[in-house]
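Visitor: Quick one: structure below, then a few questions.
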Amino acid sequence: MRVGSFVLAAQFPGQGQGEALHRAVRSAEVAEEAGLDSVWLAEHHFVPYGTCPSAITLAALLLGRTRRIRVGTAVTVLPTAHPVAVGEQAALLHITSGGRFSLGVGRGGPWVDLEVFGSGLKAYEEGFPESLDLLVRWLREPSVEATGERFGFREVPVVPRPSESLSDMAGPEVVVACTSPSSVRQAAERGLPMLLGMHVGDEEKAEMVALWRQLARAAGQPAEVVLGAAHVSAGVCQIADRRTDAVEALTKAMPGWLKQGLDAHVTVDGRTRQMRDPLAYTELLCGLHPVGTPRLCADRLAATSERTGISRFALLVEGSGDLAATEENVRRLGAEVLPHLG
């Protein structure tokens, strides 16, 4: 089992953006010190829900500051980026980090980002498969041309080629954020592992893994790909000597962050959005994920892995909103939870 942290660089009420980013960087550094396997970085635009606008850029910084831990994006939003530019950046980080970079990608949402970056709503609603295919080709082939609806260009060489890395990995892994049967299909048909969100529980994640395997087999993916896919489960982790204290730390801080962060999202086309109740959502997360004593947290992670078949975790550790408390949470995760997991 491989346990990592999930870093949103969340801006809690009363905090500045620099404070949120400093906590994000520091928590990632502590994650390496504490023995965690990985750090996964979120990407958002124009909202305090997350103050990191470029997960790849922050990943580059953290790869330079660390020596062992894997750093991934969760996720790089493809509809607002050119897949070749993303591929070049991913290849660069893969090579220069010795193979420690993971590229998580996703559709994002129908947000005003699509207007600001000029990609338009169609890129979100229809363009993700084309972008994903072009990105994967860039990471696997020596030269690439494009003749798609959105992207068209003559054949050009891939520089730098991910396979030129001095590590034993041919290229950075690509993980796809999946929230629906459609996105599960897109990942499965390409043999790409999934990143599953923290808003769903073990039963739904197990169903998505089963669907992925069914669709991957139907698409002709080799047995070793189907059985060896390293899916990632996102969740929340808060550790305390008593479960009530862990729950209280999150229910005091997270609803305020969720309310101001989610309220700030603006749709590109004016469509109405159904917002979750922040307190109810926080309580839901506390019930789904490792929130409580170290032993409880270890048991919950082990149970999720057994029920879903997922062995990698990206855990939100900054739910208290406080730097010192976040550092302590990460250290306890490494010292008091990981030893129970083997």
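The way I read the labels, and the way they are meant: chains A, B, ... in the order of the structure tokens, residue 1 as the first residue of every chain, and ligand 1 as the first ligand shown, with later ones counted on from there.
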If you run DSSP on the backbone, which residues of segment 75-120 of chain A are helix (DSSP H, G or I), as a PDB file with C-alpha atoms, in the first residue's frame?
Guide:
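Saved result, out-v4.pdb, follows:
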ATOM      1  CA  LEU A  78      -6.633  19.482 -20.124  1.00  0.00           C
ATOM      2  CA  PRO A  79      -9.458  21.575 -21.633  1.00  0.00           C
ATOM      3  CA  THR A  80      -7.634  24.786 -20.664  1.00  0.00           C
ATOM      4  CA  PRO A  83      -1.735  18.754 -24.576  1.00  0.00           C
ATOM      5  CA  VAL A  84       1.628  19.097 -26.327  1.00  0.00           C
ATOM      6  CA  ALA A  85       2.720  21.787 -23.873  1.00  0.00           C
ATOM      7  CA  VAL A  86       1.586  19.568 -21.005  1.00  0.00           C
ATOM      8  CA  GLY A  87       3.423  16.613 -22.526  1.00  0.00           C
ATOM      9  CA  GLU A  88       6.646  18.586 -22.915  1.00  0.00           C
ATOM     10  CA  GLN A  89       6.488  19.743 -19.300  1.00  0.00           C
ATOM     11  CA  ALA A  90       5.703  16.231 -18.063  1.00  0.00           C
ATOM     12  CA  ALA A  91       8.589  14.747 -20.029  1.00  0.00           C
ATOM     13  CA  LEU A  92      10.940  17.397 -18.673  1.00  0.00           C
ATOM     14  CA  LEU A  93       9.952  16.667 -15.072  1.00  0.00           C
ATOM     15  CA  HIS A  94      10.090  12.915 -15.626  1.00  0.00           C
ATOM     16  CA  ILE A  95      13.638  13.058 -16.979  1.00  0.00           C
ATOM     17  CA  THR A  96      15.102  15.596 -14.582  1.00  0.00           C
ATOM     18  CA  ASP A 113     -11.573  29.330 -16.938  1.00  0.00           C
ATOM     19  CA  LEU A 114     -12.708  28.167 -20.380  1.00  0.00           C
ATOM     20  CA  GLU A 115     -13.482  31.762 -21.323  1.00  0.00           C
ATOM     21  CA  VAL A 116     -10.330  33.259 -19.854  1.00  0.00           C
TER      22      VAL A 116
END
Visitor: Residues near Ala187 of chain A, anyone? I mean within 10 Å using only C-alpha atoms, not counting same-chain ones fewer than 4 positions away, as an mmCIF file with all heavy atoms, in the first residue's frame.
Guide:
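Result went into result-v1.cif, see below:
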data_model
loop_
_atom_site.group_PDB
_atom_site.id
_atom_site.type_symbol
_atom_site.label_atom_id
_atom_site.label_comp_id
_atom_site.auth_asym_id
_atom_site.auth_seq_id
_atom_site.Cartn_x
_atom_site.Cartn_y
_atom_site.Cartn_z
ATOM 1 N N PRO A 129 -11.346 13.671 -24.925
ATOM 2 C CA PRO A 129 -10.712 12.487 -25.522
ATOM 3 C C PRO A 129 -9.617 12.833 -26.528
ATOM 4 O O PRO A 129 -8.553 12.187 -26.544
ATOM 5 C CB PRO A 129 -11.881 11.751 -26.190
ATOM 6 C CG PRO A 129 -13.077 12.185 -25.413
ATOM 7 C CD PRO A 129 -12.811 13.617 -25.069
ATOM 8 N N LEU A 132 -6.571 14.016 -24.587
ATOM 9 C CA LEU A 132 -5.929 12.911 -23.874
ATOM 10 C C LEU A 132 -5.137 12.032 -24.831
ATOM 11 O O LEU A 132 -3.996 11.640 -24.536
ATOM 12 C CB LEU A 132 -6.997 12.092 -23.147
ATOM 13 C CG LEU A 132 -6.503 10.901 -22.320
ATOM 14 C CD1 LEU A 132 -5.534 11.350 -21.235
ATOM 15 C CD2 LEU A 132 -7.691 10.157 -21.703
ATOM 16 N N VAL A 174 0.422 8.338 -16.569
ATOM 17 C CA VAL A 174 -0.710 9.245 -16.758
ATOM 18 C C VAL A 174 -1.901 8.644 -16.025
ATOM 19 O O VAL A 174 -2.276 7.495 -16.258
ATOM 20 C CB VAL A 174 -1.040 9.440 -18.249
ATOM 21 C CG1 VAL A 174 -2.259 10.341 -18.409
ATOM 22 C CG2 VAL A 174 0.161 10.013 -18.988
ATOM 23 N N VAL A 175 -2.475 9.422 -15.119
ATOM 24 C CA VAL A 175 -3.629 9.002 -14.325
ATOM 25 C C VAL A 175 -4.789 9.918 -14.690
ATOM 26 O O VAL A 175 -4.612 11.131 -14.835
ATOM 27 C CB VAL A 175 -3.324 9.106 -12.818
ATOM 28 C CG1 VAL A 175 -4.513 8.662 -11.986
ATOM 29 C CG2 VAL A 175 -2.089 8.279 -12.468
ATOM 30 N N VAL A 176 -5.979 9.348 -14.829
ATOM 31 C CA VAL A 176 -7.145 10.113 -15.274
ATOM 32 C C VAL A 176 -8.149 10.244 -14.134
ATOM 33 O O VAL A 176 -8.574 9.234 -13.550
ATOM 34 C CB VAL A 176 -7.826 9.448 -16.488
ATOM 35 C CG1 VAL A 176 -9.039 10.262 -16.938
ATOM 36 C CG2 VAL A 176 -6.833 9.293 -17.634
ATOM 37 N N ALA A 177 -8.524 11.471 -13.804
ATOM 38 C CA ALA A 177 -9.568 11.698 -12.812
ATOM 39 C C ALA A 177 -10.899 11.235 -13.377
ATOM 40 O O ALA A 177 -11.307 11.658 -14.461
ATOM 41 C CB ALA A 177 -9.633 13.177 -12.443
ATOM 42 N N CYS A 178 -11.587 10.369 -12.651
ATOM 43 C CA CYS A 178 -12.834 9.783 -13.143
ATOM 44 C C CYS A 178 -13.962 10.037 -12.147
ATOM 45 O O CYS A 178 -13.830 9.722 -10.963
ATOM 46 C CB CYS A 178 -12.675 8.278 -13.355
ATOM 47 S SG CYS A 178 -11.526 7.848 -14.679
ATOM 48 N N PRO A 181 -19.275 7.138 -15.469
ATOM 49 C CA PRO A 181 -18.990 5.997 -16.345
ATOM 50 C C PRO A 181 -18.290 6.405 -17.633
ATOM 51 O O PRO A 181 -17.456 5.658 -18.154
ATOM 52 C CB PRO A 181 -20.387 5.420 -16.620
ATOM 53 C CG PRO A 181 -21.192 5.800 -15.420
ATOM 54 C CD PRO A 181 -20.689 7.156 -15.024
ATOM 55 N N SER A 182 -18.594 7.603 -18.150
ATOM 56 C CA SER A 182 -17.951 8.062 -19.377
ATOM 57 C C SER A 182 -16.449 8.248 -19.176
ATOM 58 O O SER A 182 -15.647 7.820 -20.018
ATOM 59 C CB SER A 182 -18.581 9.374 -19.836
ATOM 60 O OG SER A 182 -17.883 9.911 -20.933
ATOM 61 N N SER A 183 -16.056 8.880 -18.083
ATOM 62 C CA SER A 183 -14.624 9.081 -17.847
ATOM 63 C C SER A 183 -13.933 7.772 -17.495
ATOM 64 O O SER A 183 -12.764 7.567 -17.844
ATOM 65 C CB SER A 183 -14.407 10.130 -16.754
ATOM 66 O OG SER A 183 -15.132 9.829 -15.582
ATOM 67 N N GLY A 191 -6.103 2.078 -21.079
ATOM 68 C CA GLY A 191 -5.283 1.372 -20.095
ATOM 69 C C GLY A 191 -4.649 2.279 -19.069
ATOM 70 O O GLY A 191 -3.599 1.952 -18.511
ATOM 71 N N LEU A 192 -5.297 3.417 -18.782
ATOM 72 C CA LEU A 192 -4.738 4.391 -17.848
ATOM 73 C C LEU A 192 -5.420 4.266 -16.491
ATOM 74 O O LEU A 192 -6.650 4.171 -16.419
ATOM 75 C CB LEU A 192 -4.935 5.812 -18.389
ATOM 76 C CG LEU A 192 -4.309 6.094 -19.757
ATOM 77 C CD1 LEU A 192 -4.691 7.496 -20.235
ATOM 78 C CD2 LEU A 192 -2.793 5.938 -19.696
ATOM 79 N N PRO A 193 -4.672 4.282 -15.403
ATOM 80 C CA PRO A 193 -5.276 4.172 -14.076
ATOM 81 C C PRO A 193 -6.125 5.396 -13.750
ATOM 82 O O PRO A 193 -5.955 6.476 -14.322
ATOM 83 C CB PRO A 193 -4.072 4.055 -13.138
ATOM 84 C CG PRO A 193 -2.941 4.658 -13.895
ATOM 85 C CD PRO A 193 -3.209 4.376 -15.340
ATOM 86 N N MET A 194 -7.027 5.216 -12.783
ATOM 87 C CA MET A 194 -7.963 6.266 -12.394
ATOM 88 C C MET A 194 -7.543 6.936 -11.093
ATOM 89 O O MET A 194 -6.947 6.317 -10.218
ATOM 90 C CB MET A 194 -9.365 5.682 -12.183
ATOM 91 C CG MET A 194 -9.980 5.016 -13.384
ATOM 92 S SD MET A 194 -11.665 4.400 -13.011
ATOM 93 C CE MET A 194 -11.302 3.067 -11.850
ATOM 94 N N LEU A 195 -7.922 8.207 -10.974
ATOM 95 C CA LEU A 195 -7.916 8.921 -9.705
ATOM 96 C C LEU A 195 -9.377 9.116 -9.334
ATOM 97 O O LEU A 195 -10.128 9.773 -10.063
ATOM 98 C CB LEU A 195 -7.211 10.268 -9.829
ATOM 99 C CG LEU A 195 -7.347 11.215 -8.636
ATOM 100 C CD1 LEU A 195 -6.644 10.647 -7.412
ATOM 101 C CD2 LEU A 195 -6.794 12.599 -8.967
ATOM 102 N N TRP A 212 -14.058 -0.352 -14.783
ATOM 103 C CA TRP A 212 -12.811 -0.080 -15.499
ATOM 104 C C TRP A 212 -12.217 -1.384 -16.029
ATOM 105 O O TRP A 212 -11.800 -1.461 -17.193
ATOM 106 C CB TRP A 212 -11.817 0.622 -14.566
ATOM 107 C CG TRP A 212 -10.552 1.066 -15.231
ATOM 108 C CD1 TRP A 212 -10.257 2.304 -15.712
ATOM 109 C CD2 TRP A 212 -9.373 0.267 -15.474
ATOM 110 N NE1 TRP A 212 -8.998 2.342 -16.244
ATOM 111 C CE2 TRP A 212 -8.425 1.104 -16.116
ATOM 112 C CE3 TRP A 212 -9.038 -1.058 -15.218
ATOM 113 C CZ2 TRP A 212 -7.162 0.643 -16.488
ATOM 114 C CZ3 TRP A 212 -7.778 -1.523 -15.605
ATOM 115 C CH2 TRP A 212 -6.865 -0.664 -16.234
ATOM 116 N N LEU A 215 -14.295 -2.747 -18.974
ATOM 117 C CA LEU A 215 -14.114 -1.958 -20.198
ATOM 118 C C LEU A 215 -12.702 -2.100 -20.756
ATOM 119 O O LEU A 215 -12.510 -2.105 -21.977
ATOM 120 C CB LEU A 215 -14.424 -0.491 -19.918
ATOM 121 C CG LEU A 215 -15.881 -0.184 -19.550
ATOM 122 C CD1 LEU A 215 -16.017 1.252 -19.073
ATOM 123 C CD2 LEU A 215 -16.791 -0.450 -20.738
ATOM 124 N N ALA A 216 -11.714 -2.208 -19.877
ATOM 125 C CA ALA A 216 -10.330 -2.380 -20.339
ATOM 126 C C ALA A 216 -10.165 -3.711 -21.059
ATOM 127 O O ALA A 216 -9.508 -3.790 -22.118
ATOM 128 C CB ALA A 216 -9.367 -2.279 -19.162
#
Visitor: Can you check which parts of segment 19-109 of chain A lie within 10 Å of segment 295-318 of chain A? Per residue, the shortest pair of atoms and distance in Å to one decimal, counting only C-alpha atoms, sorted by chain and number, as CSV.
Guide:
residue,atom,partner,partner_atom,distance
A:Ala20,CA,A:Glu318,CA,9.7
A:Arg23,CA,A:Glu318,CA,8.2
A:Ala24,CA,A:Glu318,CA,8.2
A:Ser27,CA,A:Glu318,CA,8.1
A:Ala31,CA,A:Val317,CA,9.9
A:Asp37,CA,A:Arg312,CA,9.0
A:Ser38,CA,A:Ala314,CA,7.8
A:Val39,CA,A:Ala314,CA,7.3
A:Trp40,CA,A:Ala314,CA,6.5
A:Leu41,CA,A:Ala314,CA,9.5
A:Gly72,CA,A:Ala314,CA,10.0
A:Ala74,CA,A:Ala314,CA,9.1
Visitor: For the selection just defined, write its residues with all heavy atoms to a file, as a PDB file, in the first residue's frame.
Guide:
ATOM      1  N   ALA A  20      -1.520  30.208   2.212  1.00  0.00           N
ATOM      2  CA  ALA A  20      -2.010  28.921   1.732  1.00  0.00           C
ATOM      3  C   ALA A  20      -0.943  28.187   0.922  1.00  0.00           C
ATOM      4  O   ALA A  20      -0.748  26.978   1.075  1.00  0.00           O
ATOM      5  CB  ALA A  20      -3.259  29.132   0.890  1.00  0.00           C
ATOM      6  N   ARG A  23       1.876  26.867   3.201  1.00  0.00           N
ATOM      7  CA  ARG A  23       1.469  25.646   3.896  1.00  0.00           C
ATOM      8  C   ARG A  23       1.520  24.449   2.940  1.00  0.00           C
ATOM      9  O   ARG A  23       1.925  23.347   3.331  1.00  0.00           O
ATOM     10  CB  ARG A  23       0.049  25.813   4.459  1.00  0.00           C
ATOM     11  CG  ARG A  23      -0.390  24.639   5.344  1.00  0.00           C
ATOM     12  CD  ARG A  23      -1.804  24.806   5.877  1.00  0.00           C
ATOM     13  NE  ARG A  23      -2.782  24.829   4.813  1.00  0.00           N
ATOM     14  CZ  ARG A  23      -3.479  25.885   4.455  1.00  0.00           C
ATOM     15  NH1 ARG A  23      -3.324  27.039   5.090  1.00  0.00           N
ATOM     16  NH2 ARG A  23      -4.349  25.815   3.461  1.00  0.00           N
ATOM     17  N   ALA A  24       1.138  24.661   1.694  1.00  0.00           N
ATOM     18  CA  ALA A  24       1.172  23.583   0.713  1.00  0.00           C
ATOM     19  C   ALA A  24       2.593  23.074   0.500  1.00  0.00           C
ATOM     20  O   ALA A  24       2.847  21.866   0.502  1.00  0.00           O
ATOM     21  CB  ALA A  24       0.576  24.063  -0.606  1.00  0.00           C
ATOM     22  N   SER A  27       3.948  21.382   3.749  1.00  0.00           N
ATOM     23  CA  SER A  27       3.355  20.069   4.026  1.00  0.00           C
ATOM     24  C   SER A  27       3.927  19.009   3.093  1.00  0.00           C
ATOM     25  O   SER A  27       4.081  17.846   3.490  1.00  0.00           O
ATOM     26  CB  SER A  27       1.830  20.134   3.880  1.00  0.00           C
ATOM     27  OG  SER A  27       1.434  20.318   2.537  1.00  0.00           O
ATOM     28  N   ALA A  31       5.979  15.703   4.164  1.00  0.00           N
ATOM     29  CA  ALA A  31       5.540  14.395   3.692  1.00  0.00           C
ATOM     30  C   ALA A  31       6.730  13.512   3.335  1.00  0.00           C
ATOM     31  O   ALA A  31       6.732  12.305   3.624  1.00  0.00           O
ATOM     32  CB  ALA A  31       4.617  14.551   2.492  1.00  0.00           C
ATOM     33  N   ASP A  37       4.650   8.161   0.534  1.00  0.00           N
ATOM     34  CA  ASP A  37       5.051   7.716  -0.795  1.00  0.00           C
ATOM     35  C   ASP A  37       5.001   8.831  -1.826  1.00  0.00           C
ATOM     36  O   ASP A  37       5.821   8.867  -2.744  1.00  0.00           O
ATOM     37  CB  ASP A  37       4.129   6.578  -1.248  1.00  0.00           C
ATOM     38  CG  ASP A  37       4.318   6.205  -2.708  1.00  0.00           C
ATOM     39  OD1 ASP A  37       5.293   5.497  -3.018  1.00  0.00           O
ATOM     40  OD2 ASP A  37       3.502   6.641  -3.540  1.00  0.00           O
ATOM     41  N   SER A  38       4.027   9.750  -1.686  1.00  0.00           N
ATOM     42  CA  SER A  38       3.775  10.691  -2.766  1.00  0.00           C
ATOM     43  C   SER A  38       3.081  11.947  -2.267  1.00  0.00           C
ATOM     44  O   SER A  38       2.545  11.982  -1.156  1.00  0.00           O
ATOM     45  CB  SER A  38       2.912  10.029  -3.855  1.00  0.00           C
ATOM     46  OG  SER A  38       1.745   9.458  -3.270  1.00  0.00           O
ATOM     47  N   VAL A  39       3.099  12.960  -3.125  1.00  0.00           N
ATOM     48  CA  VAL A  39       2.346  14.194  -2.922  1.00  0.00           C
ATOM     49  C   VAL A  39       1.600  14.475  -4.215  1.00  0.00           C
ATOM     50  O   VAL A  39       2.197  14.480  -5.300  1.00  0.00           O
ATOM     51  CB  VAL A  39       3.271  15.378  -2.587  1.00  0.00           C
ATOM     52  CG1 VAL A  39       2.465  16.672  -2.512  1.00  0.00           C
ATOM     53  CG2 VAL A  39       4.007  15.145  -1.287  1.00  0.00           C
ATOM     54  N   TRP A  40       0.288  14.707  -4.106  1.00  0.00           N
ATOM     55  CA  TRP A  40      -0.538  14.993  -5.266  1.00  0.00           C
ATOM     56  C   TRP A  40      -1.050  16.422  -5.167  1.00  0.00           C
ATOM     57  O   TRP A  40      -1.594  16.821  -4.136  1.00  0.00           O
ATOM     58  CB  TRP A  40      -1.709  14.013  -5.343  1.00  0.00           C
ATOM     59  CG  TRP A  40      -1.268  12.593  -5.546  1.00  0.00           C
ATOM     60  CD1 TRP A  40      -0.925  11.689  -4.579  1.00  0.00           C
ATOM     61  CD2 TRP A  40      -1.100  11.927  -6.804  1.00  0.00           C
ATOM     62  NE1 TRP A  40      -0.560  10.497  -5.156  1.00  0.00           N
ATOM     63  CE2 TRP A  40      -0.662  10.606  -6.515  1.00  0.00           C
ATOM     64  CE3 TRP A  40      -1.296  12.304  -8.134  1.00  0.00           C
ATOM     65  CZ2 TRP A  40      -0.410   9.675  -7.517  1.00  0.00           C
ATOM     66  CZ3 TRP A  40      -1.055  11.371  -9.136  1.00  0.00           C
ATOM     67  CH2 TRP A  40      -0.614  10.077  -8.825  1.00  0.00           C
ATOM     68  N   LEU A  41      -0.887  17.199  -6.236  1.00  0.00           N
ATOM     69  CA  LEU A  41      -1.138  18.637  -6.205  1.00  0.00           C
ATOM     70  C   LEU A  41      -2.344  19.005  -7.061  1.00  0.00           C
ATOM     71  O   LEU A  41      -2.417  18.646  -8.238  1.00  0.00           O
ATOM     72  CB  LEU A  41       0.097  19.381  -6.729  1.00  0.00           C
ATOM     73  CG  LEU A  41       1.426  19.006  -6.050  1.00  0.00           C
ATOM     74  CD1 LEU A  41       2.584  19.626  -6.806  1.00  0.00           C
ATOM     75  CD2 LEU A  41       1.414  19.448  -4.594  1.00  0.00           C
ATOM     76  N   GLY A  72       2.904  14.255  -7.990  1.00  0.00           N
ATOM     77  CA  GLY A  72       1.961  14.141  -9.088  1.00  0.00           C
ATOM     78  C   GLY A  72       0.986  15.297  -9.125  1.00  0.00           C
ATOM     79  O   GLY A  72       0.811  16.025  -8.145  1.00  0.00           O
ATOM     80  N   ALA A  74      -2.983  16.513  -9.540  1.00  0.00           N
ATOM     81  CA  ALA A  74      -4.302  15.937  -9.286  1.00  0.00           C
ATOM     82  C   ALA A  74      -5.360  17.042  -9.274  1.00  0.00           C
ATOM     83  O   ALA A  74      -5.905  17.353  -8.245  1.00  0.00           O
ATOM     84  CB  ALA A  74      -4.296  15.180  -7.957  1.00  0.00           C
TER      85      ALA A  74
END
Visitor: Looking at A:Ala34, A:Ala81, A:Met1, A:Leu166, which one is nearest to Arg68 of chain A, with distances taken over only C-alpha atoms?
Guide: A:Ala34
Visitor: May I have all residues of segment 147-271 of chain A that DSSP, computed from the backbone, assigns to strand (DSSP E), given as JSON, numbers by chain?
Guide: {"A": [147, 152, 153, 154, 155, 156, 157, 173, 174, 175, 176, 177, 178, 194, 195, 196, 232, 233, 234, 235, 236, 238, 239]}
Visitor: Include C-alpha atoms and write out the residues we just selected as a short mmCIF file (atom, residue, chain, number, x, y, z; two decimals), in the first residue's frame.
Guide:
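Output file selection-v1.cif is given in full below:
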data_model
loop_
_atom_site.label_atom_id
_atom_site.label_comp_id
_atom_site.auth_asym_id
_atom_site.auth_seq_id
_atom_site.Cartn_x
_atom_site.Cartn_y
_atom_site.Cartn_z
CA THR A 147 -5.26 15.90 -37.56
CA GLY A 152 -3.89 20.04 -36.21
CA PHE A 153 -0.20 20.32 -37.02
CA ARG A 154 2.54 18.75 -39.14
CA GLU A 155 4.73 15.97 -37.73
CA VAL A 156 7.28 17.25 -35.24
CA PRO A 157 9.89 15.46 -33.13
CA GLU A 173 2.57 7.62 -15.74
CA VAL A 174 -0.71 9.24 -16.76
CA VAL A 175 -3.63 9.00 -14.32
CA VAL A 176 -7.14 10.11 -15.27
CA ALA A 177 -9.57 11.70 -12.81
CA CYS A 178 -12.83 9.78 -13.14
CA MET A 194 -7.96 6.27 -12.39
CA LEU A 195 -7.92 8.92 -9.71
CA LEU A 196 -11.18 8.60 -7.77
CA VAL A 232 -5.53 6.19 -6.73
CA SER A 233 -8.17 6.89 -4.09
CA ALA A 234 -8.47 10.46 -2.85
CA GLY A 235 -9.64 11.05 0.71
CA VAL A 236 -9.28 13.10 3.87
CA GLN A 238 -7.03 13.85 10.22
CA ILE A 239 -5.33 12.13 13.15
#
Visitor: Could you give me, as a short mmCIF file (atom, residue, chain, number, x, y, z; two decimals) with N, CA, C and O atoms, in the first residue's frame, the residues within 9 Å of Leu288 of chain A, counting only C-alpha atoms and dropping anything in the same chain fewer than 3 positions from it?
Guide:
data_model
loop_
_atom_site.label_atom_id
_atom_site.label_comp_id
_atom_site.auth_asym_id
_atom_site.auth_seq_id
_atom_site.Cartn_x
_atom_site.Cartn_y
_atom_site.Cartn_z
N MET A 198 -12.69 12.16 -3.49
CA MET A 198 -12.91 11.94 -2.06
C MET A 198 -14.38 12.04 -1.69
O MET A 198 -14.76 11.77 -0.56
N HIS A 199 -15.25 12.41 -2.63
CA HIS A 199 -16.66 12.58 -2.33
C HIS A 199 -17.43 11.27 -2.43
O HIS A 199 -18.63 11.23 -2.13
N VAL A 200 -16.79 10.18 -2.86
CA VAL A 200 -17.48 8.89 -2.98
C VAL A 200 -16.84 7.87 -2.06
O VAL A 200 -15.65 7.93 -1.75
N GLY A 201 -17.65 6.90 -1.61
CA GLY A 201 -17.19 5.91 -0.66
C GLY A 201 -16.68 4.64 -1.31
O GLY A 201 -16.59 4.53 -2.55
N ASP A 202 -16.39 3.66 -0.47
CA ASP A 202 -15.77 2.42 -0.93
C ASP A 202 -16.63 1.67 -1.94
O ASP A 202 -16.13 1.14 -2.94
N GLY A 235 -8.88 11.04 -0.53
CA GLY A 235 -9.64 11.05 0.71
C GLY A 235 -9.17 12.16 1.62
O GLY A 235 -8.37 13.02 1.23
N VAL A 236 -9.66 12.14 2.83
CA VAL A 236 -9.28 13.10 3.87
C VAL A 236 -8.68 12.32 5.03
O VAL A 236 -9.15 11.22 5.35
N GLU A 283 -18.96 16.48 7.30
CA GLU A 283 -19.33 15.32 8.11
C GLU A 283 -19.33 14.04 7.27
O GLU A 283 -18.93 12.97 7.76
N LEU A 284 -19.76 14.15 6.02
CA LEU A 284 -19.71 13.00 5.12
C LEU A 284 -18.27 12.52 4.93
O LEU A 284 -17.98 11.32 5.02
N LEU A 285 -17.37 13.46 4.68
CA LEU A 285 -15.96 13.10 4.48
C LEU A 285 -15.38 12.45 5.74
O LEU A 285 -14.59 11.50 5.64
N VAL A 291 -10.32 9.40 9.59
CA VAL A 291 -10.40 10.55 10.49
C VAL A 291 -10.60 9.99 11.90
O VAL A 291 -11.64 9.42 12.21
N ARG A 300 -9.10 1.88 8.52
CA ARG A 300 -9.97 2.37 7.46
C ARG A 300 -9.27 2.32 6.11
O ARG A 300 -9.88 1.96 5.10
#
Visitor: Just the residues within 12 Å of Gly64 of chain A, please, counting only C-alpha atoms, with nothing from its chain fewer than 4 positions along; format it as a ChimeraX atom specification.
Guide: /A:25,28-29,57-60,68-71,93-94,96-98,100-101
Visitor: Which is closest to Arg271 of chain A among A:Leu341, A:Leu121, A:Val136, A:Leu211, if we use only C-alpha atoms?
Guide: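 So, comparing all the options, the nearest one is A:Leu121.
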